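Raw contents of query.cif, mmCIF, C-alpha atoms:
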data_query
loop_
_atom_site.label_atom_id
_atom_site.label_comp_id
_atom_site.auth_asym_id
_atom_site.auth_seq_id
_atom_site.Cartn_x
_atom_site.Cartn_y
_atom_site.Cartn_z
CA MET L 646 83.29 99.48 129.14
CA LEU L 647 80.41 101.68 128.04
CA ILE L 648 81.10 103.62 124.90
CA ARG L 649 78.37 105.75 123.43
CA PRO L 650 77.17 104.33 120.09
CA LEU L 651 77.74 106.61 117.14
CA ALA L 652 74.77 108.79 116.27
CA PRO L 653 73.41 108.70 112.73
CA VAL L 654 74.76 111.56 110.63
CA GLY L 655 72.65 114.66 111.02
CA ARG L 656 71.61 113.80 114.59
CA LEU L 657 74.85 114.26 116.46
CA SER L 658 74.84 115.27 120.08
CA LYS L 659 75.74 118.84 121.01
CA GLN L 660 78.01 117.74 123.89
CA ASN L 661 81.49 119.12 123.55
CA GLY L 662 83.56 117.81 126.42
CA THR L 663 82.89 120.49 128.98
CA GLY L 664 84.11 120.19 132.52
CA SER L 665 82.16 120.82 135.69
CA ARG L 666 82.83 124.57 135.42
CA GLY L 667 81.61 124.79 131.83
CA MET L 668 85.15 125.05 130.41
CA THR L 669 85.91 122.96 127.37
CA ARG L 670 88.54 120.32 128.01
CA THR L 671 91.30 119.85 125.45
CA ASP L 672 91.80 116.60 123.60
CA GLU L 673 94.95 116.03 125.66
CA GLU L 674 93.02 116.37 128.92
CA LEU L 675 90.27 114.06 127.73
CA VAL L 676 92.82 111.50 126.50
CA ALA L 677 94.64 111.55 129.85
CA ARG L 678 91.36 111.06 131.71
CA ALA L 679 90.29 108.28 129.33
CA GLN L 680 93.66 106.56 129.80
CA GLY L 681 92.95 106.70 133.52
CA GLY L 682 89.71 104.79 133.00
CA ASP L 683 87.18 107.63 132.53
CA VAL L 684 84.94 106.26 129.78
CA GLU L 685 82.87 109.45 129.68
CA SER L 686 85.98 111.39 128.62
CA PHE L 687 86.45 109.04 125.67
CA ASN L 688 82.75 109.44 124.83
CA GLN L 689 83.34 113.20 124.70
CA LEU L 690 86.21 112.60 122.25
CA ILE L 691 83.83 110.54 120.12
CA VAL L 692 81.28 113.35 120.12
CA ARG L 693 83.96 115.86 119.20
CA TRP L 694 85.55 113.84 116.39
CA GLU L 695 82.86 111.56 114.95
CA ARG L 696 81.66 114.04 112.34
CA PRO L 697 85.17 114.85 110.94
CA ILE L 698 86.14 111.16 110.96
CA TYR L 699 82.89 110.20 109.24
CA ALA L 700 83.45 112.96 106.67
CA LEU L 701 86.94 111.62 105.94
CA ALA L 702 85.65 108.05 105.57
CA TYR L 703 82.79 109.18 103.35
CA ARG L 704 85.12 111.20 101.09
CA VAL L 705 87.43 108.20 100.68
CA ILE L 706 84.81 105.43 100.43
CA GLY L 707 81.79 107.22 99.00
CA LYS L 708 79.18 105.02 100.69
CA GLU L 709 77.30 106.20 103.77
CA GLU L 710 76.89 102.87 105.55
CA ASP L 711 80.45 101.74 104.91
CA ALA L 712 81.76 105.14 106.03
CA ARG L 713 79.78 104.80 109.28
CA ASP L 714 81.24 101.33 109.81
CA VAL L 715 84.77 102.62 109.25
CA CYS L 716 84.12 105.54 111.59
CA GLN L 717 82.85 103.27 114.34
CA ASP L 718 85.75 100.86 113.85
CA ALA L 719 88.21 103.77 114.04
CA PHE L 720 86.90 104.80 117.46
CA LEU L 721 86.87 101.21 118.67
CA ARG L 722 90.48 100.73 117.61
CA ALA L 723 91.46 104.05 119.14
CA TYR L 724 89.82 103.05 122.43
CA ARG L 725 91.62 99.71 122.47
CA ALA L 726 94.96 101.33 121.61
CA LEU L 727 94.50 104.30 123.95
CA PRO L 728 96.74 102.89 126.72
CA GLY L 729 99.62 102.86 124.20
CA PHE L 730 98.98 106.41 122.97
CA LYS L 731 102.04 108.43 124.03
CA GLY L 732 100.90 111.85 122.87
CA GLN L 733 103.80 112.30 120.44
CA ALA L 734 101.21 113.43 117.89
CA LYS L 735 97.90 115.18 118.42
CA PHE L 736 95.02 112.86 119.25
CA SER L 737 93.19 114.06 116.14
CA SER L 738 96.16 113.22 113.89
CA TRP L 739 96.42 109.77 115.45
CA LEU L 740 92.67 109.20 115.03
CA TYR L 741 92.72 110.43 111.41
CA ARG L 742 95.58 108.02 110.66
CA ILE L 743 93.62 105.11 112.15
CA ALA L 744 90.56 106.04 110.08
CA LEU L 745 92.57 106.51 106.89
CA ASN L 746 94.25 103.12 107.33
CA LEU L 747 90.82 101.52 107.81
CA CYS L 748 89.60 103.22 104.63
CA ARG L 749 92.57 101.84 102.74
CA ASP L 750 91.87 98.36 104.12
CA TRP L 751 88.24 98.70 102.98
CA ILE L 752 89.36 99.71 99.48
CA ARG L 753 91.74 96.73 99.29
CA ARG L 754 88.96 94.34 100.32
CA GLN L 755 86.70 95.80 97.63
CA ARG L 756 89.37 95.32 94.97
CA ARG L 757 89.82 91.69 95.97
CA ALA L 758 86.12 90.97 95.73
CA PRO L 759 85.51 88.79 92.68
CA VAL L 760 83.98 90.64 89.76
CA SER L 761 82.47 88.97 86.73
CA GLN L 762 82.26 90.87 83.47
CA LEU L 763 79.20 90.55 81.29
CA PRO L 764 80.21 89.59 77.72
CA GLU L 765 79.60 92.26 75.08
CA ASP L 766 77.11 90.14 73.14
CA ALA L 767 74.96 89.38 76.19
CA ASP L 768 71.84 91.43 76.94
CA ALA L 769 71.82 92.35 80.65
CA ILE L 770 68.06 93.00 80.77
CA GLU L 771 67.27 89.67 79.13
CA LEU L 772 69.62 87.84 81.51
CA ALA L 773 68.08 89.58 84.52
CA SER L 774 64.58 88.52 83.47
CA GLU L 775 65.54 84.83 83.30
CA THR L 776 63.19 82.77 85.44
CA GLY L 777 64.42 80.43 88.12
CA PRO L 778 67.25 80.82 90.58
CA VAL L 779 70.80 81.01 89.30
CA GLU L 780 73.99 81.00 91.31
CA SER L 781 76.24 83.36 89.40
CA ILE L 782 76.67 85.58 86.39
CA GLU L 783 78.91 82.88 84.91
CA GLU L 784 75.97 80.47 85.00
CA LEU L 785 73.74 83.02 83.27
CA VAL L 786 76.35 83.67 80.60
CA ALA L 787 76.90 79.94 80.08
CA VAL L 788 73.15 79.46 79.55
CA GLU L 789 73.08 82.40 77.11
CA ALA L 790 76.27 81.47 75.28
CA GLY L 791 75.53 77.75 74.90
CA ASP L 792 78.25 76.12 72.79
CA GLY L 793 80.03 79.46 72.42
CA ALA L 794 81.54 78.97 75.88
CA GLU L 795 83.22 75.76 74.76
CA ALA L 796 84.66 77.52 71.71
CA LEU L 797 85.93 80.34 73.90
CA GLU L 798 87.58 77.85 76.23
CA ALA L 799 89.24 76.09 73.27
CA ASP L 800 90.55 79.45 71.98
CA LEU L 801 91.89 80.31 75.41
CA LEU L 802 93.69 76.97 75.73
CA ALA L 803 95.22 77.44 72.26
CA LEU L 804 96.42 80.90 73.23
CA ILE L 805 97.99 79.59 76.45
CA ALA L 806 99.74 76.81 74.50
CA SER L 807 101.17 79.37 72.05
CA LEU L 808 102.76 81.52 74.77
CA ASN L 809 106.53 81.49 75.00
CA ARG L 810 108.09 79.76 77.95
CA ALA L 811 111.13 80.99 79.84
CA ASP L 812 114.07 78.71 80.61
CA ASP L 813 112.62 77.87 84.02
CA GLY L 814 109.30 76.76 82.46
CA THR L 815 107.25 79.81 83.41
CA MET L 816 105.07 81.43 80.79
CA VAL L 817 106.06 84.76 79.30
CA VAL L 818 102.95 86.85 78.73
CA PRO L 819 103.27 89.93 76.51
CA SER L 820 102.29 93.07 78.42
CA GLU L 821 99.40 93.91 76.07
CA TYR L 822 97.62 90.74 77.24
CA LEU L 823 98.05 91.42 80.95
CA GLU L 824 95.19 93.91 81.02
CA ALA L 825 92.80 91.31 79.62
CA VAL L 826 93.58 88.67 82.23
CA LEU L 827 90.75 88.15 84.71
CA VAL L 828 91.82 86.38 87.86
CA LYS L 829 89.00 84.54 89.57
CA ALA L 830 89.32 83.93 93.32
#
I'd like the structure from this file rewritten - as structure tokens, please.
Amino acid sequence: MLIRPLAPVGRLSKQNGTGSRGMTRTDEELVARAQGGDVESFNQLIVRWERPIYALAYRVIGKEEDARDVCQDAFLRAYRALPGFKGQAKFSSWLYRIALNLCRDWIRRQRRAPVSQLPEDADAIELASETGPVESIEELVAVEAGDGAEALEADLLALIASLNRADDGTMVVPSEYLEAVLVKA
């Protein structure tokens, strides 16, 4: 399987899926040929649709490199799923759906990535200029906060102990506190 690598944005090929007589083949014709094993026909679909798919990914994600990765993954998934493509929808609609689903997956992964908040009383520039390697923002904050971290932990434990418990033993957390909860993976 030889699939043309995606060109960097701004340097896309001018090929457009022309046949031997110079006539432009439709997506449906190229898909049928690609399903029959013609890799060059699929490459022509890539050339035709890489810019619109990249544009979609970039609009959703907002980062060039990640949008390129999503675009490339969309074509790879389309190629692998091509034998199952029945043509009930246009190829472009099917490809857009694949790309949009990949964008949504990317967004979900970004939301799950652990994020540490810098405390309000900490100076980011001072923390960044600390000498010596540190493993995490939590370590930096702990160094900066000193005994304050222990007091914060004691306050948090007291708050947890004061929460109401339901009949089944689960804690009942008032909704105004839910926004302040930071879940660490």
Atom pair atom CA of L:Arg670 / atom CA of L:Phe687: separation (Å): 11.7 Å
Could you state which residues are captured by the PyMOL selection byres ((chain L and resi 744) around 12) in this file, as a compact mmCIF listing (two decimals) with C-alpha atoms, in the coordinates of the input?
# COMPACT_ATOMS: atom_id res chain seq x y z
CA TRP L 694 85.55 113.84 116.39
CA GLU L 695 82.86 111.56 114.95
CA PRO L 697 85.17 114.85 110.94
CA ILE L 698 86.14 111.16 110.96
CA TYR L 699 82.89 110.20 109.24
CA ALA L 700 83.45 112.96 106.67
CA LEU L 701 86.94 111.62 105.94
CA ALA L 702 85.65 108.05 105.57
CA TYR L 703 82.79 109.18 103.35
CA ARG L 704 85.12 111.20 101.09
CA VAL L 705 87.43 108.20 100.68
CA ILE L 706 84.81 105.43 100.43
CA ALA L 712 81.76 105.14 106.03
CA ARG L 713 79.78 104.80 109.28
CA ASP L 714 81.24 101.33 109.81
CA VAL L 715 84.77 102.62 109.25
CA CYS L 716 84.12 105.54 111.59
CA GLN L 717 82.85 103.27 114.34
CA ASP L 718 85.75 100.86 113.85
CA ALA L 719 88.21 103.77 114.04
CA PHE L 720 86.90 104.80 117.46
CA LEU L 721 86.87 101.21 118.67
CA ARG L 722 90.48 100.73 117.61
CA ALA L 723 91.46 104.05 119.14
CA SER L 737 93.19 114.06 116.14
CA SER L 738 96.16 113.22 113.89
CA TRP L 739 96.42 109.77 115.45
CA LEU L 740 92.67 109.20 115.03
CA TYR L 741 92.72 110.43 111.41
CA ARG L 742 95.58 108.02 110.66
CA ILE L 743 93.62 105.11 112.15
CA LEU L 745 92.57 106.51 106.89
CA ASN L 746 94.25 103.12 107.33
CA LEU L 747 90.82 101.52 107.81
CA CYS L 748 89.60 103.22 104.63
CA ARG L 749 92.57 101.84 102.74
CA ASP L 750 91.87 98.36 104.12
CA TRP L 751 88.24 98.70 102.98
Pairwise distance for atom CA of L:Asp711 and atom CA of L:Ile752, rounded to one decimal in Å: 10.6 Å
Straight-line distance linking atom CA of L:Glu710 with atom CA of L:Arg757, stated in Å to one decimal: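 Taking atom CA of L:Glu710 as the start and atom CA of L:Arg757 as the end point, the length is 19.6 Å.
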Picked residues, the PyMOL selection byres ((chain L and resi 676) around 12), as a ChimeraX atom specification: /L:662,670-675,677-691,723-724,726-732,735-737,739-740
Can you tell me, as lines of an AutoDock Vina configuration file, the centre and edge lengths (Å, one decimal) of the axis-aligned box enclosing all of stretch 682-691 of chain L's listed atoms after padding each side by 5 Å?
center_x = 86.2
center_y = 109.0
center_z = 126.6
size_x = 17.0
size_y = 18.4
size_z = 22.9
